file query.cif (mmCIF, C-alpha atoms)
data_target
loop_
_atom_site.group_PDB
_atom_site.id
_atom_site.type_symbol
_atom_site.label_atom_id
_atom_site.label_comp_id
_atom_site.auth_asym_id
_atom_site.auth_seq_id
_atom_site.Cartn_x
_atom_site.Cartn_y
_atom_site.Cartn_z
ATOM 1 C CA MET L 1 -8.019 -3.331 -87.938
ATOM 2 C CA LYS L 2 -6.700 -6.554 -89.458
ATOM 3 C CA ILE L 3 -3.037 -7.532 -89.863
ATOM 4 C CA ILE L 4 -1.937 -10.535 -91.919
ATOM 5 C CA ALA L 5 1.506 -11.936 -91.120
ATOM 6 C CA ILE L 6 3.412 -13.718 -93.871
ATOM 7 C CA VAL L 7 6.341 -15.839 -92.732
ATOM 8 C CA GLY L 8 9.033 -16.511 -95.330
ATOM 9 C CA SER L 9 9.857 -19.959 -93.988
ATOM 10 C CA LEU L 10 7.678 -23.055 -93.909
ATOM 11 C CA ARG L 11 9.979 -24.824 -91.419
ATOM 12 C CA ARG L 12 8.148 -26.306 -88.436
ATOM 13 C CA MET L 13 10.442 -24.616 -85.864
ATOM 14 C CA SER L 14 10.944 -21.414 -87.876
ATOM 15 C CA TYR L 15 12.520 -18.554 -85.944
ATOM 16 C CA ASN L 16 10.500 -16.131 -88.037
ATOM 17 C CA HIS L 17 7.240 -17.910 -87.235
ATOM 18 C CA ALA L 18 8.128 -17.608 -83.541
ATOM 19 C CA LEU L 19 8.817 -13.900 -84.054
ATOM 20 C CA ALA L 20 5.447 -13.470 -85.786
ATOM 21 C CA GLU L 21 3.720 -15.252 -82.900
ATOM 22 C CA LYS L 22 5.441 -12.908 -80.439
ATOM 23 C CA ALA L 23 4.281 -9.885 -82.477
ATOM 24 C CA GLY L 24 0.735 -11.255 -82.337
ATOM 25 C CA GLU L 25 1.018 -11.512 -78.549
ATOM 26 C CA ILE L 26 2.199 -7.896 -78.346
ATOM 27 C CA ILE L 27 -0.689 -6.741 -80.542
ATOM 28 C CA GLY L 28 -3.130 -8.640 -78.343
ATOM 29 C CA ASP L 29 -6.734 -7.557 -78.787
ATOM 30 C CA ARG L 30 -5.885 -4.189 -80.362
ATOM 31 C CA SER L 31 -6.091 -5.714 -83.835
ATOM 32 C CA GLU L 32 -7.058 -8.932 -85.527
ATOM 33 C CA PHE L 33 -3.792 -10.750 -86.280
ATOM 34 C CA GLU L 34 -3.430 -13.856 -88.429
ATOM 35 C CA ILE L 35 -0.344 -15.756 -89.511
ATOM 36 C CA LEU L 36 -1.036 -16.865 -93.055
ATOM 37 C CA ASP L 37 -0.680 -20.552 -93.899
ATOM 38 C CA TYR L 38 0.384 -20.760 -97.518
ATOM 39 C CA SER L 39 2.083 -24.151 -97.447
ATOM 40 C CA GLY L 40 -0.357 -25.477 -100.068
ATOM 41 C CA VAL L 41 0.356 -22.814 -102.692
ATOM 42 C CA PRO L 42 1.729 -24.419 -105.876
ATOM 43 C CA PHE L 43 4.601 -23.038 -107.923
ATOM 44 C CA PHE L 44 3.442 -20.076 -109.965
ATOM 45 C CA ASN L 45 2.689 -21.097 -113.536
ATOM 46 C CA GLU L 46 0.836 -18.919 -116.036
ATOM 47 C CA ASP L 47 -0.724 -22.076 -117.474
ATOM 48 C CA SER L 48 -2.699 -22.528 -114.234
ATOM 49 C CA GLU L 49 -3.258 -18.844 -113.489
ATOM 50 C CA PHE L 50 -6.933 -18.627 -114.539
ATOM 51 C CA PRO L 51 -8.757 -19.730 -112.589
ATOM 52 C CA ALA L 52 -6.274 -19.603 -109.757
ATOM 53 C CA PRO L 53 -6.011 -22.631 -107.471
ATOM 54 C CA ASP L 54 -8.395 -22.487 -104.497
ATOM 55 C CA THR L 55 -5.499 -21.975 -102.048
ATOM 56 C CA VAL L 56 -4.390 -18.884 -103.966
ATOM 57 C CA ALA L 57 -7.940 -17.521 -104.230
ATOM 58 C CA ASP L 58 -8.412 -17.949 -100.457
ATOM 59 C CA ILE L 59 -5.151 -16.165 -99.697
ATOM 60 C CA ARG L 60 -6.012 -13.327 -102.079
ATOM 61 C CA GLY L 61 -9.265 -12.883 -100.167
ATOM 62 C CA LYS L 62 -7.442 -12.691 -96.839
ATOM 63 C CA ILE L 63 -4.939 -10.165 -98.157
ATOM 64 C CA ALA L 64 -7.696 -8.088 -99.774
ATOM 65 C CA SER L 65 -9.536 -7.840 -96.454
ATOM 66 C CA ALA L 66 -6.409 -6.923 -94.452
ATOM 67 C CA ASP L 67 -5.409 -3.409 -93.484
ATOM 68 C CA GLY L 68 -1.733 -4.312 -93.228
ATOM 69 C CA VAL L 69 0.663 -7.085 -94.186
ATOM 70 C CA TRP L 70 3.651 -7.856 -91.969
ATOM 71 C CA PHE L 71 6.459 -9.919 -93.480
ATOM 72 C CA PHE L 72 8.649 -12.026 -91.168
ATOM 73 C CA SER L 73 11.355 -13.681 -93.212
ATOM 74 C CA PRO L 74 14.769 -15.277 -93.068
ATOM 75 C CA GLU L 75 17.431 -14.544 -95.635
ATOM 76 C CA TYR L 76 18.347 -17.422 -97.957
ATOM 77 C CA ASN L 77 21.563 -16.930 -99.933
ATOM 78 C CA HIS L 78 21.383 -13.166 -99.342
ATOM 79 C CA THR L 79 17.880 -12.772 -100.787
ATOM 80 C CA ILE L 80 14.173 -13.574 -100.492
ATOM 81 C CA PRO L 81 13.346 -17.232 -99.763
ATOM 82 C CA GLY L 82 11.836 -19.030 -102.756
ATOM 83 C CA VAL L 83 8.540 -19.899 -101.035
ATOM 84 C CA LEU L 84 7.932 -16.255 -100.161
ATOM 85 C CA LYS L 85 8.845 -15.038 -103.646
ATOM 86 C CA ASN L 86 6.509 -17.661 -105.141
ATOM 87 C CA LEU L 87 3.628 -16.414 -102.978
ATOM 88 C CA ILE L 88 4.357 -12.818 -103.921
ATOM 89 C CA ASP L 89 4.402 -13.810 -107.601
ATOM 90 C CA TRP L 90 0.890 -15.266 -107.230
ATOM 91 C CA LEU L 91 -0.353 -12.220 -105.297
ATOM 92 C CA SER L 92 1.155 -9.816 -107.822
ATOM 93 C CA ARG L 93 -1.128 -11.075 -110.571
ATOM 94 C CA LYS L 94 -4.669 -9.946 -111.304
ATOM 95 C CA ALA L 95 -7.303 -12.440 -110.223
ATOM 96 C CA SER L 96 -9.291 -11.538 -113.336
ATOM 97 C CA ALA L 97 -9.508 -8.804 -115.955
ATOM 98 C CA GLU L 98 -11.681 -6.792 -113.540
ATOM 99 C CA THR L 99 -9.875 -7.562 -110.265
ATOM 100 C CA PRO L 100 -6.510 -5.879 -109.614
ATOM 101 C CA GLN L 101 -3.687 -7.567 -107.748
ATOM 102 C CA VAL L 102 -4.269 -7.521 -103.988
ATOM 103 C CA LEU L 103 -0.985 -6.054 -102.743
ATOM 104 C CA GLY L 104 -1.298 -2.608 -104.326
ATOM 105 C CA GLY L 105 -1.870 0.103 -101.740
ATOM 106 C CA LYS L 106 -1.552 -2.262 -98.765
ATOM 107 C CA LYS L 107 0.579 -1.097 -95.870
ATOM 108 C CA ALA L 108 3.525 -3.353 -95.055
ATOM 109 C CA ALA L 109 6.206 -3.884 -92.443
ATOM 110 C CA ILE L 110 9.226 -6.166 -92.575
ATOM 111 C CA SER L 111 11.001 -8.099 -89.835
ATOM 112 C CA GLY L 112 13.434 -10.940 -89.981
ATOM 113 C CA VAL L 113 15.618 -13.209 -87.932
ATOM 114 C CA SER L 114 18.449 -15.443 -89.080
ATOM 115 C CA GLY L 115 21.316 -17.430 -87.696
ATOM 116 C CA GLY L 116 23.891 -15.347 -89.540
ATOM 117 C CA MET L 117 25.373 -12.125 -88.266
ATOM 118 C CA SER L 118 23.961 -9.926 -91.045
ATOM 119 C CA GLY L 119 20.445 -10.583 -89.802
ATOM 120 C CA THR L 120 18.145 -10.257 -92.766
ATOM 121 C CA SER L 121 19.129 -6.814 -93.997
ATOM 122 C CA ILE L 122 20.051 -7.866 -97.543
ATOM 123 C CA MET L 123 16.820 -9.846 -97.981
ATOM 124 C CA GLN L 124 14.822 -6.927 -96.593
ATOM 125 C CA ASP L 125 16.310 -4.553 -99.162
ATOM 126 C CA ASP L 126 15.409 -7.011 -101.942
ATOM 127 C CA LEU L 127 11.901 -7.469 -100.538
ATOM 128 C CA ILE L 128 11.389 -3.699 -100.355
ATOM 129 C CA ALA L 129 12.329 -3.406 -104.027
ATOM 130 C CA VAL L 130 9.735 -6.039 -104.993
ATOM 131 C CA LEU L 131 6.993 -4.704 -102.716
ATOM 132 C CA SER L 132 7.591 -1.118 -103.838
ATOM 133 C CA TYR L 133 7.246 -2.196 -107.453
ATOM 134 C CA LEU L 134 3.899 -3.767 -106.498
ATOM 135 C CA ASP L 135 2.792 -0.424 -104.983
ATOM 136 C CA MET L 136 2.732 -1.499 -101.348
ATOM 137 C CA LYS L 137 3.107 1.295 -98.796
ATOM 138 C CA ILE L 138 6.135 0.196 -96.794
ATOM 139 C CA MET L 139 6.986 1.293 -93.278
ATOM 140 C CA ASN L 140 10.744 1.627 -93.710
ATOM 141 C CA VAL L 141 11.472 2.758 -90.156
ATOM 142 C CA PRO L 142 11.763 0.924 -87.905
ATOM 143 C CA ARG L 143 12.702 -2.320 -89.570
ATOM 144 C CA LEU L 144 13.806 -5.254 -87.476
ATOM 145 C CA THR L 145 16.751 -7.474 -88.352
ATOM 146 C CA ILE L 146 17.787 -10.005 -85.739
ATOM 147 C CA PRO L 147 21.103 -11.829 -86.207
ATOM 148 C CA ASP L 148 22.541 -14.792 -84.299
ATOM 149 C CA ALA L 149 19.251 -16.605 -83.707
ATOM 150 C CA TRP L 150 21.031 -19.771 -82.630
ATOM 151 C CA ASN L 151 22.094 -18.010 -79.434
ATOM 152 C CA GLN L 152 18.534 -16.864 -78.708
ATOM 153 C CA THR L 153 16.889 -20.256 -78.232
ATOM 154 C CA ASP L 154 15.572 -22.043 -75.177
ATOM 155 C CA GLU L 155 16.524 -25.542 -74.005
ATOM 156 C CA HIS L 156 14.153 -27.052 -76.610
ATOM 157 C CA GLY L 157 15.693 -25.139 -79.516
ATOM 158 C CA ARG L 158 12.755 -22.716 -79.818
ATOM 159 C CA PHE L 159 13.574 -19.125 -80.684
ATOM 160 C CA VAL L 160 13.039 -16.809 -77.726
ATOM 161 C CA PRO L 161 13.724 -13.207 -78.810
ATOM 162 C CA VAL L 162 14.499 -11.883 -75.325
ATOM 163 C CA LYS L 163 17.387 -9.721 -76.539
ATOM 164 C CA SER L 164 15.255 -8.300 -79.354
ATOM 165 C CA LEU L 165 11.880 -8.025 -77.628
ATOM 166 C CA THR L 166 12.165 -4.270 -77.025
ATOM 167 C CA TYR L 167 12.821 -3.687 -80.731
ATOM 168 C CA LEU L 168 9.874 -5.900 -81.701
ATOM 169 C CA GLU L 169 7.618 -3.985 -79.301
ATOM 170 C CA LYS L 170 8.726 -0.671 -80.855
ATOM 171 C CA GLN L 171 8.154 -1.957 -84.387
ATOM 172 C CA THR L 172 4.740 -3.344 -83.434
ATOM 173 C CA GLU L 173 3.613 -0.009 -82.011
ATOM 174 C CA ALA L 174 4.958 1.841 -85.053
ATOM 175 C CA PHE L 175 3.217 -0.531 -87.486
ATOM 176 C CA LEU L 176 -0.151 -0.302 -85.725
ATOM 177 C CA LYS L 177 0.113 3.495 -85.899
ATOM 178 C CA PHE L 178 1.241 3.365 -89.562
ATOM 179 C CA VAL L 179 -1.680 1.126 -90.562
ATOM 180 C CA ALA L 180 -4.181 3.322 -88.703
ATOM 181 C CA GLU L 181 -3.039 6.485 -90.521
ATOM 182 C CA GLU L 182 -5.095 7.614 -93.504
#
call {"tool": "encode", "arguments": {"input": "query.cif", "output": "structure tokens"}}
result
Amino acid sequence: MKIIAIVGSLRRMSYNHALAEKAGEIIGDRSEFEILDYSGVPFFNEDSEFPAPDTVADIRGKIASADGVWFFSPEYNHTIPGVLKNLIDWLSRKASAETPQVLGGKKAAISGVSGGMSGTSIMQDDLIAVLSYLDMKIMNVPRLTIPDAWNQTDEHGRFVPVKSLTYLEKQTEAFLKFVAEE
């Protein structure tokens, strides 16, 4: 089984990247787990859609070969961060007349951590609407929203989800089971 993690923040010390890393540790050797690097993806522009830039073609290949896609994202202004939405816009397009978009039918989970007290619940609802439209099969329960990230950091400012680790473990187990189901 192969899980691709997509983090909705490109920030070097991203709380959501740390959460994705922790999920990968929990998964261990039970599944292949990769955090996608999409920092080189350009802004979506139909003028440069065919052929797609190499970075987009590579990412499409990784998503196509995955059994599940796990989104870890902050909430920016009560919605999906622009970099994540841009990536989804690229992935939502056909690679060619013969090749469908790569998200359709893929199983997905959503997690998020933010400094605010609403966690990422509003962004997650928006993301579910977009992913549902793209025909992804979303594991709606359990979802993980972690608020107050600033109070869950170590002495170096790195996010340490000690308070939320039990919930992440439960979501990880549920997602592995969800992806394995026919």
call {"tool": "closest_residue", "arguments": {"input": "query.cif", "among": "L:Gly82, L:Gly24, L:Pro74, L:Pro100", "to": "Arg60 (chain L)", "atoms": "all atoms listed in the file"}}
result
L:Pro100
call {"tool": "resolve_selection", "arguments": {"input": "query.cif", "expression": "the PyMOL selection byres ((chain L and resi 121) around 12)", "output": "PDB file with C-alpha atoms, in the coordinates of the input"}}
result
ATOM      1  CA  SER L  73      11.355 -13.681 -93.212  1.00  0.00           C
ATOM      2  CA  PRO L  74      14.769 -15.277 -93.068  1.00  0.00           C
ATOM      3  CA  GLU L  75      17.431 -14.544 -95.635  1.00  0.00           C
ATOM      4  CA  TYR L  76      18.347 -17.422 -97.957  1.00  0.00           C
ATOM      5  CA  ASN L  77      21.563 -16.930 -99.933  1.00  0.00           C
ATOM      6  CA  HIS L  78      21.383 -13.166 -99.342  1.00  0.00           C
ATOM      7  CA  THR L  79      17.880 -12.772-100.787  1.00  0.00           C
ATOM      8  CA  ILE L  80      14.173 -13.574-100.492  1.00  0.00           C
ATOM      9  CA  ILE L 110       9.226  -6.166 -92.575  1.00  0.00           C
ATOM     10  CA  SER L 111      11.001  -8.099 -89.835  1.00  0.00           C
ATOM     11  CA  GLY L 112      13.434 -10.940 -89.981  1.00  0.00           C
ATOM     12  CA  VAL L 113      15.618 -13.209 -87.932  1.00  0.00           C
ATOM     13  CA  SER L 114      18.449 -15.443 -89.080  1.00  0.00           C
ATOM     14  CA  GLY L 116      23.891 -15.347 -89.540  1.00  0.00           C
ATOM     15  CA  MET L 117      25.373 -12.125 -88.266  1.00  0.00           C
ATOM     16  CA  SER L 118      23.961  -9.926 -91.045  1.00  0.00           C
ATOM     17  CA  GLY L 119      20.445 -10.583 -89.802  1.00  0.00           C
ATOM     18  CA  THR L 120      18.145 -10.257 -92.766  1.00  0.00           C
ATOM     19  CA  ILE L 122      20.051  -7.866 -97.543  1.00  0.00           C
ATOM     20  CA  MET L 123      16.820  -9.846 -97.981  1.00  0.00           C
ATOM     21  CA  GLN L 124      14.822  -6.927 -96.593  1.00  0.00           C
ATOM     22  CA  ASP L 125      16.310  -4.553 -99.162  1.00  0.00           C
ATOM     23  CA  ASP L 126      15.409  -7.011-101.942  1.00  0.00           C
ATOM     24  CA  LEU L 127      11.901  -7.469-100.538  1.00  0.00           C
ATOM     25  CA  ILE L 128      11.389  -3.699-100.355  1.00  0.00           C
ATOM     26  CA  ASN L 140      10.744   1.627 -93.710  1.00  0.00           C
ATOM     27  CA  ARG L 143      12.702  -2.320 -89.570  1.00  0.00           C
ATOM     28  CA  LEU L 144      13.806  -5.254 -87.476  1.00  0.00           C
ATOM     29  CA  THR L 145      16.751  -7.474 -88.352  1.00  0.00           C
ATOM     30  CA  ILE L 146      17.787 -10.005 -85.739  1.00  0.00           C
ATOM     31  CA  PRO L 147      21.103 -11.829 -86.207  1.00  0.00           C
TER      32      PRO L 147
END
call {"tool": "closest_residue", "arguments": {"input": "query.cif", "among": "L:Val69, L:Ala52, L:Ala64, L:Leu19", "to": "Ala5 (chain L)", "atoms": "all atoms listed in the file"}}
result
L:Val69
call {"tool": "resolve_selection", "arguments": {"input": "query.cif", "expression": "the PyMOL selection byres ((chain L and resi 30) around 12)", "output": "ChimeraX atom specification"}}
result
/L:1-3,23-29,31-33,172-173,176-177,180
call {"tool": "residues_around", "arguments": {"input": "query.cif", "residues": "Gly104 (chain L)", "least_positions_apart": "5", "cutoff": "8 Å", "atoms": "all atoms listed in the file", "output": "CSV table (one decimal) with C-alpha atoms, keeping the file's coordinate frame"}}
result
chain,number,residue,atom,x,y,z
L,134,LEU,CA,3.9,-3.8,-106.5
L,135,ASP,CA,2.8,-0.4,-105.0
L,136,MET,CA,2.7,-1.5,-101.3
call {"tool": "atom_distance", "arguments": {"input": "query.cif", "atom1": "CA of Tyr133 (chain L)", "atom2": "CA of Ile6 (chain L)"}}
result
18.2 Å
call {"tool": "closest_residue", "arguments": {"input": "query.cif", "among": "L:Ala129, L:Asp67, L:Ala18, L:Val141", "to": "Glu182 (chain L)", "atoms": "only C-alpha atoms"}}
result
L:Asp67
call {"tool": "resolve_selection", "arguments": {"input": "query.cif", "expression": "the PyMOL selection byres ((chain L and resi 50) around 12)", "output": "JSON, numbers by chain"}}
result
{"L": [44, 45, 46, 47, 48, 49, 51, 52, 53, 54, 56, 57, 90, 93, 94, 95, 96, 97]}
call {"tool": "write_last_selection", "arguments": {"input": "query.cif", "atoms": "C-alpha atoms", "output": "PDB file, keeping the file's coordinate frame"}}
result
ATOM      1  CA  PHE L  44       3.442 -20.076-109.965  1.00  0.00           C
ATOM      2  CA  ASN L  45       2.689 -21.097-113.536  1.00  0.00           C
ATOM      3  CA  GLU L  46       0.836 -18.919-116.036  1.00  0.00           C
ATOM      4  CA  ASP L  47      -0.724 -22.076-117.474  1.00  0.00           C
ATOM      5  CA  SER L  48      -2.699 -22.528-114.234  1.00  0.00           C
ATOM      6  CA  GLU L  49      -3.258 -18.844-113.489  1.00  0.00           C
ATOM      7  CA  PRO L  51      -8.757 -19.730-112.589  1.00  0.00           C
ATOM      8  CA  ALA L  52      -6.274 -19.603-109.757  1.00  0.00           C
ATOM      9  CA  PRO L  53      -6.011 -22.631-107.471  1.00  0.00           C
ATOM     10  CA  ASP L  54      -8.395 -22.487-104.497  1.00  0.00           C
ATOM     11  CA  VAL L  56      -4.390 -18.884-103.966  1.00  0.00           C
ATOM     12  CA  ALA L  57      -7.940 -17.521-104.230  1.00  0.00           C
ATOM     13  CA  TRP L  90       0.890 -15.266-107.230  1.00  0.00           C
ATOM     14  CA  ARG L  93      -1.128 -11.075-110.571  1.00  0.00           C
ATOM     15  CA  LYS L  94      -4.669  -9.946-111.304  1.00  0.00           C
ATOM     16  CA  ALA L  95      -7.303 -12.440-110.223  1.00  0.00           C
ATOM     17  CA  SER L  96      -9.291 -11.538-113.336  1.00  0.00           C
ATOM     18  CA  ALA L  97      -9.508  -8.804-115.955  1.00  0.00           C
TER      19      ALA L  97
END
call {"tool": "decode", "arguments": {"input": "query.cif", "residues": "region 96-174 of chain L", "atoms": "C-alpha atoms", "output": "mmCIF file, in the first residue's frame"}}
result
data_model
loop_
_atom_site.group_PDB
_atom_site.id
_atom_site.type_symbol
_atom_site.label_atom_id
_atom_site.label_comp_id
_atom_site.auth_asym_id
_atom_site.auth_seq_id
_atom_site.Cartn_x
_atom_site.Cartn_y
_atom_site.Cartn_z
ATOM 1 C CA SER L 96 -4.090 14.529 -22.050
ATOM 2 C CA ALA L 97 -7.247 13.740 -23.997
ATOM 3 C CA GLU L 98 -6.761 10.055 -23.109
ATOM 4 C CA THR L 99 -5.570 10.420 -19.501
ATOM 5 C CA PRO L 100 -8.135 11.362 -16.833
ATOM 6 C CA GLN L 101 -7.311 13.549 -13.861
ATOM 7 C CA VAL L 102 -5.445 11.611 -11.170
ATOM 8 C CA LEU L 103 -7.549 12.393 -8.095
ATOM 9 C CA GLY L 104 -10.763 10.677 -9.188
ATOM 10 C CA GLY L 105 -11.479 7.559 -7.155
ATOM 11 C CA LYS L 106 -8.499 8.042 -4.824
ATOM 12 C CA LYS L 107 -9.122 7.574 -1.127
ATOM 13 C CA ALA L 108 -8.371 10.623 1.011
ATOM 14 C CA ALA L 109 -8.055 11.693 4.623
ATOM 15 C CA ILE L 110 -7.728 15.190 6.040
ATOM 16 C CA SER L 111 -5.853 16.475 9.078
ATOM 17 C CA GLY L 112 -4.830 19.934 10.082
ATOM 18 C CA VAL L 113 -3.184 21.981 12.767
ATOM 19 C CA SER L 114 -3.248 25.733 13.261
ATOM 20 C CA GLY L 115 -2.422 28.332 15.839
ATOM 21 C CA GLY L 116 -6.020 29.504 16.079
ATOM 22 C CA MET L 117 -8.643 27.974 18.310
ATOM 23 C CA SER L 118 -10.907 26.783 15.480
ATOM 24 C CA GLY L 119 -8.246 24.334 14.359
ATOM 25 C CA THR L 120 -8.731 23.789 10.664
ATOM 26 C CA SER L 121 -12.386 22.801 10.611
ATOM 27 C CA ILE L 122 -13.534 25.508 8.185
ATOM 28 C CA MET L 123 -10.707 24.754 5.736
ATOM 29 C CA GLN L 124 -11.450 21.036 5.995
ATOM 30 C CA ASP L 125 -15.089 21.593 5.046
ATOM 31 C CA ASP L 126 -13.978 23.645 2.023
ATOM 32 C CA LEU L 127 -11.404 21.013 1.055
ATOM 33 C CA ILE L 128 -14.012 18.248 1.302
ATOM 34 C CA ALA L 129 -16.266 20.180 -1.074
ATOM 35 C CA VAL L 130 -13.455 20.472 -3.644
ATOM 36 C CA LEU L 131 -12.242 16.884 -3.271
ATOM 37 C CA SER L 132 -15.784 15.505 -3.447
ATOM 38 C CA TYR L 133 -16.361 17.407 -6.672
ATOM 39 C CA LEU L 134 -13.193 15.758 -8.023
ATOM 40 C CA ASP L 135 -14.618 12.321 -7.098
ATOM 41 C CA MET L 136 -12.178 11.481 -4.321
ATOM 42 C CA LYS L 137 -13.406 8.960 -1.753
ATOM 43 C CA ILE L 138 -13.074 10.864 1.511
ATOM 44 C CA MET L 139 -12.787 9.328 4.953
ATOM 45 C CA ASN L 140 -14.958 11.812 6.835
ATOM 46 C CA VAL L 141 -14.624 10.158 10.240
ATOM 47 C CA PRO L 142 -12.358 10.585 12.028
ATOM 48 C CA ARG L 143 -10.997 13.908 10.895
ATOM 49 C CA LEU L 144 -8.320 15.628 12.915
ATOM 50 C CA THR L 145 -8.330 19.337 13.696
ATOM 51 C CA ILE L 146 -5.709 20.552 16.137
ATOM 52 C CA PRO L 147 -6.020 24.097 17.504
ATOM 53 C CA ASP L 148 -3.554 26.135 19.567
ATOM 54 C CA ALA L 149 -0.382 24.821 17.931
ATOM 55 C CA TRP L 150 1.724 27.551 19.503
ATOM 56 C CA ASN L 151 1.260 25.873 22.882
ATOM 57 C CA GLN L 152 2.320 22.482 21.509
ATOM 58 C CA THR L 153 5.911 23.300 20.573
ATOM 59 C CA ASP L 154 9.227 22.296 22.074
ATOM 60 C CA GLU L 155 12.012 24.640 23.204
ATOM 61 C CA HIS L 156 13.139 25.046 19.564
ATOM 62 C CA GLY L 157 9.687 26.061 18.326
ATOM 63 C CA ARG L 158 9.024 22.705 16.623
ATOM 64 C CA PHE L 159 5.489 21.367 16.783
ATOM 65 C CA VAL L 160 5.225 18.370 19.095
ATOM 66 C CA PRO L 161 1.647 17.024 19.003
ATOM 67 C CA VAL L 162 1.780 15.309 22.401
ATOM 68 C CA LYS L 163 -1.748 16.387 23.337
ATOM 69 C CA SER L 164 -3.095 15.212 19.977
ATOM 70 C CA LEU L 165 -1.010 12.083 19.424
ATOM 71 C CA THR L 166 -3.789 9.690 20.472
ATOM 72 C CA TYR L 167 -6.152 11.266 17.934
ATOM 73 C CA LEU L 168 -3.507 11.062 15.199
ATOM 74 C CA GLU L 169 -2.913 7.388 16.015
ATOM 75 C CA LYS L 170 -6.666 6.694 15.760
ATOM 76 C CA GLN L 171 -6.941 8.540 12.448
ATOM 77 C CA THR L 172 -3.886 6.732 11.076
ATOM 78 C CA GLU L 173 -5.336 3.325 11.914
ATOM 79 C CA ALA L 174 -8.708 4.303 10.447
#
